[in-house]
Structure formats: structure tokens, C-alpha cells
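Notes follow the structure.
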Amino acid sequence: MGKKIKTLIVMVLVVTLLSALFTGCSKKSTSTASKNQQSAEEAKQATNPKDPNNEHFRSDKPLEFTMLFNDNPAYPYKSNWLLWKAIKDKTNVTLKVTVVPMSDYAQKRSLLISTGKAPEIIPKTYPGEEVPFIPSGAILPISDYVNEMPNFSRQVKEWNLQDEINTLKQKNGKFYVLPGLHEIFVPDYSLAIRQDIFEKNNIPVPNTWDELYDALRKLKQIYPNVIPFSDRWQGKALLSIVAPTFGVAGGWGAGSGLYYYKDKDEFGFYPITEDYKNMLAYFNKLVKEGLFDPESFTQSDDQAIQKFVTGKSFVITTNSQELLNLRQRMDETLGKGKYKVIKIIPPAGPKGAVLAGSRLENGIMISSNALKDPNFHQMLKFIDWLWYSKEGQTLTKWGVEGTTYKVVNGKIELMPDVTAGFLGLNPNGTKDLRKDFGFGSGVFMLMYGGPKELAYSYMTDEDRKFTEEVNKTRELLPPAPPILYDESQRERANMISQPLMDYVQQMTLKFIMGQASLDKDWDKFVQQCKAKGSDELTKLANQVYNSTKDQLK
């Protein structure tokens with residue numbers, strides 16, 4: 001074969017191969033474009049042009065979506081709840097639920113997700129609980145789809161929640177849990193006091209922690225055999241209320257030990273600061289003077305409650321539900337009308353009348369399995385309506401108008417035969433809103449979430465007045481920006497912070513109880529924190545924050 005012929009054959013083969021390659025690329029590109037176009041078209045079709053804001057979702061055809069259901073023993077699951085029928089009647093959607101006991105919910109959820117058998121909709125997920133499932137791709141980056149959820153998107157914008165939404169973001173700038181939203185901040189935890197005892201002895205209701213100290217001192221002088229303040233929840237709720245007013249964190253909000261200092265735009269390890277020391281000194285003073293029960297950090301809730309309801313203490317940390325329980329117990333121990341108990345506005349501290357908290361709450365993960373559902377985009381609209389529209393939230397909170405509730409002068413009221421003990425409403429009703437009908441379930445609604453008028457509808461007049469007063473007189477601190485760790489960085493941070501914060505917790509109690517001296521042992525405590533990695537943790541956090549904070553803009 002001649003040289004020219006060989007060359008010609010090679011050239012033909014090359015051209016053929018290149019043609020096949022470009023044809024393959026073209027087909028792949030066309031296929032991808034086709035999928036994207038199809039997805040966009042499906043999303044468009046899922047939007048009702050007559051209802052672009054998704055205020056009244058209803059599918060033209062029957063749909064079924066799978067969902068994980070957190071079964072609360074206080075109102076056990078029933079397949080014949082009116083809830084399911086009401087959802088179907090409104091939306092033409094049937095929910096096929098996987099029922100899991102509350103006690104096993106986190107473990108079962110993890111197992112189902114890790115084995116690829118998770119239902120499509122996974123509610124009752126608190127921010128942070130989604131993180132372990134992100135690397136495997138088992139859950140969807142829901143931030144990619146919120147543009148299809150007009151109720152959610154509108155509330156984030158109108159309620160100025162974007163900074164709080166940013167706290168959910170991961171290293172890639174996306175977030176993976178669709179949180180519950182609050183229009184107003186509802187600070188449910190504060191101190192309950194025996195108002196009758198305060199009034200009897202001309203002691204004003206304290207507005208600051210210093211005023212509380214003065215009140216406790218007077219009570220101790222008048223009742224020398226009583227420790228006036230004995231607390232529950234091992235003091236964790238109390239410390240989480242007090243700490244922000246000292247410029248630190250603590251208790252349930254202790255976190256990793258890192259605190260964002262806005263003026264410096266950096267994170268620091270707060271347990272070794274003078275502010276934290278000042279908070280410990282405050283409680284140490286209360287303990288030393290017999291004003292605060294040292295058993296508060298170890299006793300059971302029942303023991304703390306028993307002291308309060310029998311008049312052996314006059315101050316305890318509470319929330320609105322527990323306040324009702326206290327009063328019910330005191331009706332039995334002291335007698336109706338023979339006492340007064342109120343929840344006071346959270347006291348102010350050295351850093352002002354401030355509160356820490358979030359207007360985000362538990363929400364929804366969506367399994368990657370949902371992408372296989374041909375009605376995926378309808379599912380997004382359904383979730384957006386049921387969990388975020390006013391109509392959907394009214395349904396899940398109150399039920400069906402005319403059956404479980406009525407509207408009188410613009411105010412929602414339960415029907416006379418329906419009771420809601422968790423709200424303290426209609427105690428003589430024969431049908432329970434939660435147990436018999438399925439409404440008011442924590443799977444679908446937040447106690448005080450959604451629009452403020454719906455939040456207020458779940459409150460007593462006392463709770464509403466308390467909430468309005470707190471929002472008027474107290475400042476909610478802005479959320480700290482997230483530290484966008486990658487997986488290995490997060491693992492490193494956890495390896496440092498977990499044993500470090502265990503040590504901080506131990507020493508916090510020792511300083512408060514006087515088992516360690518703030519004068520003699522503080523410097524050693526600071527050195528030990530540094531030896532256990534506080535500086536390394538702070539350095540890592542700031543390096544990651546500075547290198548990724550542009551993603552939060």
C-alpha cells in the first residue's frame with residue numbers, strides 16, 4: 001500500500017473519530033439542555049397562573065407523597081384523624097406516612113436516610129441535624145428550589161430573615177433544611193416569681209439581674225429558712241437567658257465556645273473572657289449568700305417544682321406551658337386564689353436589655369429520592385402551602401372551620417365541645433384538638449410560628465401581653481454569621497470543642513458553687529482552656545470565616 005493511501009486512510013479515521021466525539025458531546029449537551037428545559041417546564045406547570053403566590057394549593061389530579069411522622073406519645077398517631085382528610089380535601093394530596101416513635105425518631109431517621117429508604121418529606125428536623133447527611137447527597141440542597149416556593153420566599157423577605165437563613169448555609173453556599181419561620185420573636189423562657197410574696201413584702205418586680213439580687217436578699221431576710229431561688233433544667237435554661245446580657249453564651253446556648261464579636265468582625269473563645277467571669281461571679285455571690293439553691297444544677301425538675309409549689313422557693317425558670325402546670329399544681333398544694341404566679345420580662349444585665357435567640361425553628365429535609373417522583377415540583381408547591389401559607393398553617397393549627405373552630409369578631413375560637421389542654425382552652429371539652437383530630441401537631445406547625453396573628457391566636461391574653469412587652473423593651477441580638485467549615489474542618493473543630501466544652505461546663509459549676517475560686521483558680525482555668533485547644537479552635541474558625549464570608553453577601 002502506497003504511503004499516500006496510508007495517510008489518506010489515517011486522515012479518514014481521525015475525521016470519523018472526531019465526528020463521533022463531537023456528535024456524542026452534542027447529544028450529551030442536547031440531553032442536558034433538554035433535562036433542564038423539561039425541569040423548568042415542570043416547575044412552570046406546577047405553578048397555578050391564577051394563584052402565583054400559592055395561597056390556595058390544589059392539584060388537578062390525585063397525588064401521593066411519602067413522609068416521615070414523628071409520633072408524639074402525648075397525642076399518638078391515628079390513621080383516621082380528621083387532619084388527613086382535611087389535607088386531602090384541600091389539596092388532593094394523600095400523605096403516606098412512616099410512623100416513628102418520638103423516642104426513636106433521630107435514630108430511625110438516620111437509618112432510613114443512610115440506607116436510601118427515606119420518605120420524600122422529612123419534617124421535625126432542627127438546623128444542624130441535616131449536616132451528617134449532606135456529604136452522601138442523600139438530601140437535597142433545598143436552597144436550589146426555594147424560588148418555586150413563593151410563601152416561604154415572601155416570608156423570608158418581608159420578615160427580614162435572610163441573615164438568619166444565612167446561618168444555615170454550608171461550605172458550598174447552599175442550605176439543606178427548610179426551616180420553620182417566625183414573624184415575631186417569642187421569648188418563651190423567663191423567670192416565674194411568686195408575685196403575691198413580692199407584693200406582700202413591697203418588693204418590686206425585678207427588671208435587671210442586680211434588682212433580682214436585691215429582691216432575693218430581702219426575701220432571705222424575711223424568710224431566713226427559705227432559699228428563694230431554686231431552679232430546674234439543671235440551670236441550663238437560666239444560663240442561656242442570663243449569658244447574653246453579660247455578652248457571652250451559656251447553658252443550652254453554650255455551643256462550641258465561640259462567640260462572634262461584631263465590632264471586630266471575628267470569633268473569640270468566650271469562656272475565658274472577663275464577661276464570662278463576671279457572670280460566674282454573679283451566680284457565685286447568689287450561692288454564697290444562700291439566695292440560689294446549689295442543688296439547682298443537679299436536682300430533678302420534679303424536685304425543683306415541688307419546692308416552688310409548696311412555698312419552699314419563690315423564683316424558678318419557666319415557660320408558658322410550664323407556667324400553666326405550676327398553677328395547676330399550686331391549686332392542689334396551696335389552694336385556688338391563695339397565690340399569684342407570673343412570668344416576668346427577662347431581666348437586663350451589664351450588656352443591656354438583650355436576648356439571644358432565633359426566628360428559625362425545626363423544619364423539613366427533602367430526601368434525594370423525591371427527585372424520582374414525577375410530581376416533584378408539585379410536591380414543592382404542596383410543602384410551601386401546607387407549612388408556610390396562612391391558609392395551610394391555619395388548617396394545621398386549628399383544623400376545620402365549623403368543626404373544630406369558629407371565627408368570632410375576627411378571633412379564632414375552639415368549638416365548645418373541643419378542648420386544647422396544651423393551650424389551656426376549653427378544659428371541659430369532650431374532644432381533644434390533638435388526640436382526636438390530629439391538629440396542633442408539632443410535625444406540621446410551630447407553636448408560635450408563622451404570621452404574628454396566628455402566633456397570637458395560640459396565646460392566652462397573658463402570653464400575648466408578655467410577648468408584646470418583650471418585643472417592645474428588649475433587643476433581639478443579630479445572629480452570628482455561620483462558619484462555613486468543610487467536612488474535615490468541621491471534624492477538627494468538633495474534636496477540639498467537645499472535650500474543651502466538657503471541661504468548661506465542669507469548671508463553670510465549680511466556680512458558681514465555690515468549689516473553685518474565681519480569685520485564685522481563674523488564671524489556671526484560662527491556661528487549661530488554651531492547653532486544650534481554645535486558641536487553635538479560634539484560629540481555625542477565623543481562618544475559615546475570613547476565607548468564606550463573601551459567600552454570605
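We name chains A, B, ... following the order of the C-alpha cells; residues begin at 1 in each chain, and ligands are numbered from 1 as shown.
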| task | Give the alpha helix (DSSP H) residues of stretch 209-298 of chain A, as DSSP finds them on the backbone, and put them as a ChimeraX atom specification. | result | /A:209-222,236-242,274-288
Self-check item: Near-A:Leu258 list (7 Å; only C-alpha atoms; drop same-chain fewer than 6 positions) as a ChimeraX atom specification
Solution: /A:267-270
Could you save the residues just selected, with all heavy atoms, as a compact mmCIF listing (two decimals), in the first residue's frame?
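Okay, part_33.txt is ready:
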```
# COMPACT_ATOMS: atom_id res chain seq x y z
N PHE A 267 -14.35 35.88 65.62
CA PHE A 267 -14.81 34.99 66.68
C PHE A 267 -13.76 34.90 67.79
O PHE A 267 -12.56 34.96 67.52
CB PHE A 267 -15.10 33.60 66.12
CG PHE A 267 -16.32 33.53 65.25
CD1 PHE A 267 -16.23 33.84 63.90
CD2 PHE A 267 -17.56 33.20 65.78
CE1 PHE A 267 -17.36 33.79 63.09
CE2 PHE A 267 -18.69 33.15 64.97
CZ PHE A 267 -18.59 33.46 63.62
N GLY A 268 -14.26 34.76 69.01
CA GLY A 268 -13.37 34.56 70.15
C GLY A 268 -13.92 33.46 71.04
O GLY A 268 -15.10 33.10 70.96
N PHE A 269 -13.08 32.93 71.93
CA PHE A 269 -13.50 31.87 72.84
C PHE A 269 -14.00 32.53 74.12
O PHE A 269 -13.22 32.96 74.97
CB PHE A 269 -12.33 30.92 73.12
CG PHE A 269 -12.73 29.67 73.85
CD1 PHE A 269 -13.49 28.70 73.22
CD2 PHE A 269 -12.36 29.48 75.18
CE1 PHE A 269 -13.88 27.55 73.90
CE2 PHE A 269 -12.74 28.32 75.85
CZ PHE A 269 -13.50 27.36 75.21
N TYR A 270 -15.32 32.64 74.26
CA TYR A 270 -15.91 33.47 75.31
C TYR A 270 -15.69 32.96 76.74
O TYR A 270 -15.68 33.76 77.68
CB TYR A 270 -17.41 33.68 75.06
CG TYR A 270 -18.26 32.44 75.25
CD1 TYR A 270 -18.67 32.04 76.52
CD2 TYR A 270 -18.69 31.67 74.17
CE1 TYR A 270 -19.45 30.91 76.70
CE2 TYR A 270 -19.46 30.55 74.35
CZ TYR A 270 -19.84 30.16 75.61
OH TYR A 270 -20.61 29.05 75.80
```
Restrict the calculation to only C-alpha atoms, then for each residue of stretch 449-535 of chain A with any atom at most 12 Å from an atom of stretch 353-359 of chain A give the closest atom pair and their distance in Å to one decimal, rows by chain and rising residue number, as CSV.
```
residue,atom,partner,partner_atom,distance
A:Gly449,CA,A:Arg359,CA,8.4
A:Gly450,CA,A:Arg359,CA,9.8
A:Pro451,CA,A:Arg359,CA,11.6
A:Lys452,CA,A:Arg359,CA,11.8
A:Val470,CA,A:Leu355,CA,9.4
A:Asn471,CA,A:Leu355,CA,9.9
A:Lys472,CA,A:Ala353,CA,10.7
A:Thr473,CA,A:Ala353,CA,7.4
A:Arg474,CA,A:Ala353,CA,5.2
A:Glu475,CA,A:Val354,CA,4.7
A:Leu476,CA,A:Leu355,CA,4.9
A:Leu477,CA,A:Ala356,CA,5.4
A:Pro478,CA,A:Ala356,CA,7.9
A:Pro479,CA,A:Ser358,CA,7.2
A:Ala480,CA,A:Ala356,CA,10.2
```
Exercise for the section: Select from stretch 410-523 of chain A everything DSSP, run on the backbone, classes as strand (DSSP E), then give the selection as a list in words. Expected result: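 The strand (DSSP E) residues within stretch 410-523 of chain A come out as Lys411, Ile412, Glu413, Leu414, Val418, Thr419, Lys431, Asp432, Glu475 and Leu476 of chain A.
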If you keep N, CA and C atoms, can you produce a file of those selected residues as a short mmCIF file (atom, residue, chain, number, x, y, z; two decimals), in the first residue's frame?
```cif
data_model
loop_
_atom_site.label_atom_id
_atom_site.label_comp_id
_atom_site.auth_asym_id
_atom_site.auth_seq_id
_atom_site.Cartn_x
_atom_site.Cartn_y
_atom_site.Cartn_z
N LYS A 411 -61.61 36.73 65.64
CA LYS A 411 -60.73 35.95 66.52
C LYS A 411 -61.11 34.48 66.45
N ILE A 412 -60.10 33.62 66.32
CA ILE A 412 -60.34 32.18 66.26
C ILE A 412 -60.66 31.65 67.66
N GLU A 413 -61.73 30.87 67.73
CA GLU A 413 -62.11 30.22 68.99
C GLU A 413 -62.42 28.75 68.73
N LEU A 414 -62.07 27.90 69.67
CA LEU A 414 -62.42 26.49 69.55
C LEU A 414 -63.93 26.32 69.67
N VAL A 418 -64.73 21.18 71.82
CA VAL A 418 -63.34 20.83 71.52
C VAL A 418 -62.42 21.45 72.57
N THR A 419 -61.51 20.65 73.10
CA THR A 419 -60.57 21.13 74.10
C THR A 419 -59.15 21.11 73.56
N LYS A 431 -63.79 16.60 73.15
CA LYS A 431 -62.96 16.14 72.03
C LYS A 431 -61.66 16.94 72.03
N ASP A 432 -60.54 16.23 71.93
CA ASP A 432 -59.24 16.88 72.01
C ASP A 432 -58.72 17.26 70.62
N GLU A 475 -34.07 43.83 73.12
CA GLU A 475 -33.50 43.77 71.77
C GLU A 475 -33.02 42.35 71.48
N LEU A 476 -33.48 41.81 70.37
CA LEU A 476 -33.01 40.50 69.93
C LEU A 476 -31.67 40.68 69.23
#
```
**Prompt:** Smallest atom-to-atom distance to A:Thr508: which of A:Asn546, A:Asn284, A:Asn369, A:Thr430, using only C-alpha atoms?
**Reply:**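 Of A:Asn546, A:Asn284, A:Asn369, A:Thr430, the one nearest A:Thr508 is A:Asn284, counting only C-alpha atoms.
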| query | Neighbours of A:Ser313 within 9 Å (only C-alpha atoms; same-chain residues fewer than 3 positions away dropped), as a ChimeraX atom specification? | reply | /A:194,226-230,304,307-310,316
Keeping N, CA, C and O atoms for every residue in the selection just given, could you write it to a file as a PDB file, in the first residue's frame?
```
ATOM      1  N   ARG A 194     -43.242  34.313  92.650  1.00  0.00           N
ATOM      2  CA  ARG A 194     -44.439  34.371  93.489  1.00  0.00           C
ATOM      3  C   ARG A 194     -44.806  35.837  93.682  1.00  0.00           C
ATOM      4  O   ARG A 194     -44.352  36.508  94.598  1.00  0.00           O
ATOM      5  N   VAL A 226     -35.722  29.852 103.974  1.00  0.00           N
ATOM      6  CA  VAL A 226     -36.031  29.573 102.569  1.00  0.00           C
ATOM      7  C   VAL A 226     -34.854  29.987 101.687  1.00  0.00           C
ATOM      8  O   VAL A 226     -34.242  31.035 101.907  1.00  0.00           O
ATOM      9  N   ILE A 227     -34.509  29.135 100.726  1.00  0.00           N
ATOM     10  CA  ILE A 227     -33.601  29.561  99.648  1.00  0.00           C
ATOM     11  C   ILE A 227     -34.509  30.093  98.548  1.00  0.00           C
ATOM     12  O   ILE A 227     -35.208  29.311  97.891  1.00  0.00           O
ATOM     13  N   PRO A 228     -34.565  31.394  98.328  1.00  0.00           N
ATOM     14  CA  PRO A 228     -35.633  31.963  97.496  1.00  0.00           C
ATOM     15  C   PRO A 228     -35.631  31.532  96.030  1.00  0.00           C
ATOM     16  O   PRO A 228     -36.678  31.529  95.389  1.00  0.00           O
ATOM     17  N   PHE A 229     -34.472  31.183  95.477  1.00  0.00           N
ATOM     18  CA  PHE A 229     -34.395  30.835  94.050  1.00  0.00           C
ATOM     19  C   PHE A 229     -33.870  29.409  93.944  1.00  0.00           C
ATOM     20  O   PHE A 229     -32.713  29.128  94.261  1.00  0.00           O
ATOM     21  N   SER A 230     -34.734  28.484  93.522  1.00  0.00           N
ATOM     22  CA  SER A 230     -34.326  27.095  93.280  1.00  0.00           C
ATOM     23  C   SER A 230     -34.780  26.716  91.879  1.00  0.00           C
ATOM     24  O   SER A 230     -35.965  26.850  91.547  1.00  0.00           O
ATOM     25  N   ALA A 304     -37.401  20.483  91.862  1.00  0.00           N
ATOM     26  CA  ALA A 304     -37.423  21.948  91.807  1.00  0.00           C
ATOM     27  C   ALA A 304     -38.850  22.474  91.831  1.00  0.00           C
ATOM     28  O   ALA A 304     -39.164  23.446  92.537  1.00  0.00           O
ATOM     29  N   LYS A 307     -40.516  22.252  95.300  1.00  0.00           N
ATOM     30  CA  LYS A 307     -40.096  23.326  96.206  1.00  0.00           C
ATOM     31  C   LYS A 307     -40.889  24.596  95.935  1.00  0.00           C
ATOM     32  O   LYS A 307     -41.311  25.288  96.864  1.00  0.00           O
ATOM     33  N   PHE A 308     -41.097  24.895  94.665  1.00  0.00           N
ATOM     34  CA  PHE A 308     -41.796  26.129  94.310  1.00  0.00           C
ATOM     35  C   PHE A 308     -43.282  26.052  94.668  1.00  0.00           C
ATOM     36  O   PHE A 308     -43.836  26.992  95.250  1.00  0.00           O
ATOM     37  N   VAL A 309     -43.929  24.961  94.324  1.00  0.00           N
ATOM     38  CA  VAL A 309     -45.384  24.890  94.514  1.00  0.00           C
ATOM     39  C   VAL A 309     -45.772  24.715  95.975  1.00  0.00           C
ATOM     40  O   VAL A 309     -46.946  24.906  96.339  1.00  0.00           O
ATOM     41  N   THR A 310     -44.808  24.358  96.833  1.00  0.00           N
ATOM     42  CA  THR A 310     -45.110  24.223  98.257  1.00  0.00           C
ATOM     43  C   THR A 310     -44.607  25.409  99.071  1.00  0.00           C
ATOM     44  O   THR A 310     -44.663  25.383 100.299  1.00  0.00           O
ATOM     45  N   ILE A 316     -38.319  30.544  89.963  1.00  0.00           N
ATOM     46  CA  ILE A 316     -37.928  29.365  89.185  1.00  0.00           C
ATOM     47  C   ILE A 316     -37.992  29.731  87.707  1.00  0.00           C
ATOM     48  O   ILE A 316     -38.791  30.578  87.299  1.00  0.00           O
TER      49      ILE A 316
END
```
Between A:Gln505, A:Lys381, A:Lys171, A:Tyr223, smallest distance to A:Trp252 by only C-alpha atoms belongs to A:Gln505
Query raised in the report: Nearest to A:Leu63: which of A:Val205, A:Ala370, A:Leu433, A:Met379 is it, counting only C-alpha atoms?
Result: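 Counting only C-alpha atoms, the residue closest to A:Leu63 is A:Met379.
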>> as a PyMOL selection string, please: the residues near A:Trp159 (cut-off 9 Å, only C-alpha atoms, same-chain neighbours under 5 positions excluded).
In response: chain A and resi 154+182-184
**Message:** If we count only C-alpha atoms and set the cut-off at 12 Å, which residues sit around A:Thr403, ignoring sequence neighbours fewer than 2 positions away in its own chain? Please answer as number ranges by chain.
**Reply:** A: 82-83, 86, 395, 398-401, 405-407, 413-418, 431, 433, 437, 439
Would you kindly return, as an NGL selection string, each protein, DNA or RNA residue with an atom no farther than 6 Å from any atom of stretch 333-350 of chain A, considering only C-alpha atoms and excluding same-chain residues fewer than 2 positions away? :A and (190-196 or 207-209 or 245-246 or 330-331 or 352-353)
Go ahead and save the residues from that selection, with N, CA, C and O atoms, as a compact mmCIF listing (two decimals), in the first residue's frame.
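Dumped everything to part_37.txt:
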```txt
# COMPACT_ATOMS: atom_id res chain seq x y z
N SER A 190 -38.39 32.43 80.74
CA SER A 190 -38.01 33.51 81.64
C SER A 190 -38.16 33.00 83.08
O SER A 190 -38.26 31.80 83.31
N LEU A 191 -38.22 33.92 84.03
CA LEU A 191 -38.38 33.56 85.43
C LEU A 191 -39.83 33.67 85.84
O LEU A 191 -40.51 34.64 85.49
N ALA A 192 -40.30 32.70 86.61
CA ALA A 192 -41.59 32.80 87.27
C ALA A 192 -41.33 33.20 88.72
O ALA A 192 -40.40 32.70 89.35
N ILE A 193 -42.14 34.12 89.21
CA ILE A 193 -41.99 34.55 90.60
C ILE A 193 -43.33 34.46 91.33
O ILE A 193 -44.40 34.53 90.70
N ARG A 194 -43.24 34.31 92.65
CA ARG A 194 -44.44 34.37 93.49
C ARG A 194 -44.81 35.84 93.68
O ARG A 194 -44.35 36.51 94.60
N GLN A 195 -45.64 36.35 92.79
CA GLN A 195 -45.98 37.76 92.83
C GLN A 195 -46.64 38.15 94.15
O GLN A 195 -46.43 39.25 94.66
N ASP A 196 -47.44 37.22 94.71
CA ASP A 196 -48.10 37.54 95.97
C ASP A 196 -47.09 37.76 97.10
O ASP A 196 -47.28 38.65 97.94
N ASN A 207 -36.27 44.15 87.15
CA ASN A 207 -36.09 44.42 85.72
C ASN A 207 -34.66 44.13 85.27
O ASN A 207 -34.39 44.07 84.08
N THR A 208 -33.74 43.97 86.24
CA THR A 208 -32.34 43.66 85.93
C THR A 208 -31.89 42.54 86.86
O THR A 208 -32.54 42.24 87.88
N TRP A 209 -30.74 41.95 86.54
CA TRP A 209 -30.20 40.89 87.40
C TRP A 209 -29.76 41.46 88.75
O TRP A 209 -29.87 40.78 89.77
N THR A 245 -26.91 38.79 78.32
CA THR A 245 -26.90 40.10 78.98
C THR A 245 -25.54 40.40 79.61
O THR A 245 -25.30 41.52 80.06
N PHE A 246 -24.66 39.39 79.64
CA PHE A 246 -23.27 39.59 80.08
C PHE A 246 -22.30 39.58 78.89
O PHE A 246 -21.09 39.65 79.07
N MET A 330 -50.18 24.22 92.06
CA MET A 330 -50.36 25.09 93.23
C MET A 330 -51.82 25.18 93.65
O MET A 330 -52.12 25.42 94.83
N ASP A 331 -52.73 24.99 92.70
CA ASP A 331 -54.15 24.89 93.08
C ASP A 331 -54.34 23.73 94.05
O ASP A 331 -55.17 23.80 94.97
N GLY A 352 -26.89 45.20 78.68
CA GLY A 352 -28.14 45.78 78.25
C GLY A 352 -29.32 44.83 78.32
O GLY A 352 -29.22 43.69 78.78
N ALA A 353 -30.46 45.33 77.83
CA ALA A 353 -31.71 44.57 77.81
C ALA A 353 -31.78 43.78 76.50
O ALA A 353 -32.50 44.14 75.56
```
9 Å contact set for stretch 524-541 of chain A, only C-alpha atoms, chain neighbours under 4 positions out, as a VMD selection string:
chain A and resid 257 to 258 266 to 269 271 to 273 483 to 485 489 492 to 493 496 to 497 499 to 501 503 to 504 507 520 545 to 546
Just C-alpha atoms for this one: save the residues we selected as a compact mmCIF listing (two decimals), in the first residue's frame.
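Output (out-v4.txt):
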```txt
# COMPACT_ATOMS: atom_id res chain seq x y z
CA GLY A 257 -17.44 28.13 72.98
CA LEU A 258 -17.09 30.55 70.08
CA GLU A 266 -14.15 37.93 64.39
CA PHE A 267 -14.81 34.99 66.68
CA GLY A 268 -13.37 34.56 70.15
CA PHE A 269 -13.50 31.87 72.84
CA PRO A 271 -15.44 31.19 78.41
CA ILE A 272 -12.02 32.75 79.11
CA THR A 273 -13.24 36.37 78.91
CA ILE A 483 -18.51 29.42 59.92
CA LEU A 484 -18.53 27.53 56.62
CA TYR A 485 -16.37 24.56 57.56
CA GLN A 489 -12.51 21.30 59.18
CA ARG A 492 -11.33 19.04 63.54
CA ALA A 493 -13.34 21.79 65.23
CA ILE A 496 -11.33 20.26 69.88
CA SER A 497 -14.55 21.82 71.11
CA PRO A 499 -13.76 17.87 75.27
CA LEU A 500 -12.92 21.54 75.74
CA MET A 501 -16.54 22.49 76.45
CA TYR A 503 -14.13 20.97 80.80
CA VAL A 504 -15.70 24.44 80.65
CA MET A 507 -15.42 24.40 85.83
CA LYS A 520 -7.17 32.01 92.80
CA TYR A 545 -14.75 32.60 58.30
CA ASN A 546 -12.46 35.13 56.63
```
| Two-atom distance - atom CA of A:Lys157, atom CA of A:Leu181 (Å) |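 Spanning atom CA of A:Lys157 to atom CA of A:Leu181 is a straight-line distance of 11.4 Å.
Proximity ranking of A:Glu199, A:Gln107, A:Asn53, A:Pro204 relative to A:Ser153 places A:Asn53 first, based on only C-alpha atoms.
Across A:Trp385, A:Tyr259, A:Phe69, A:Tyr176, the tightest approach to A:Lys108 is made by A:Phe69 when counting only C-alpha atoms.
Our summary of the geometry notes that atom CA of A:Gln328 is positioned 27.7 Å from atom CA of A:Gly251.
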A:Asp463 proximity check over A:Asn166, A:Val186, A:Lys285, A:Ile197, using only C-alpha atoms: winner is A:Val186
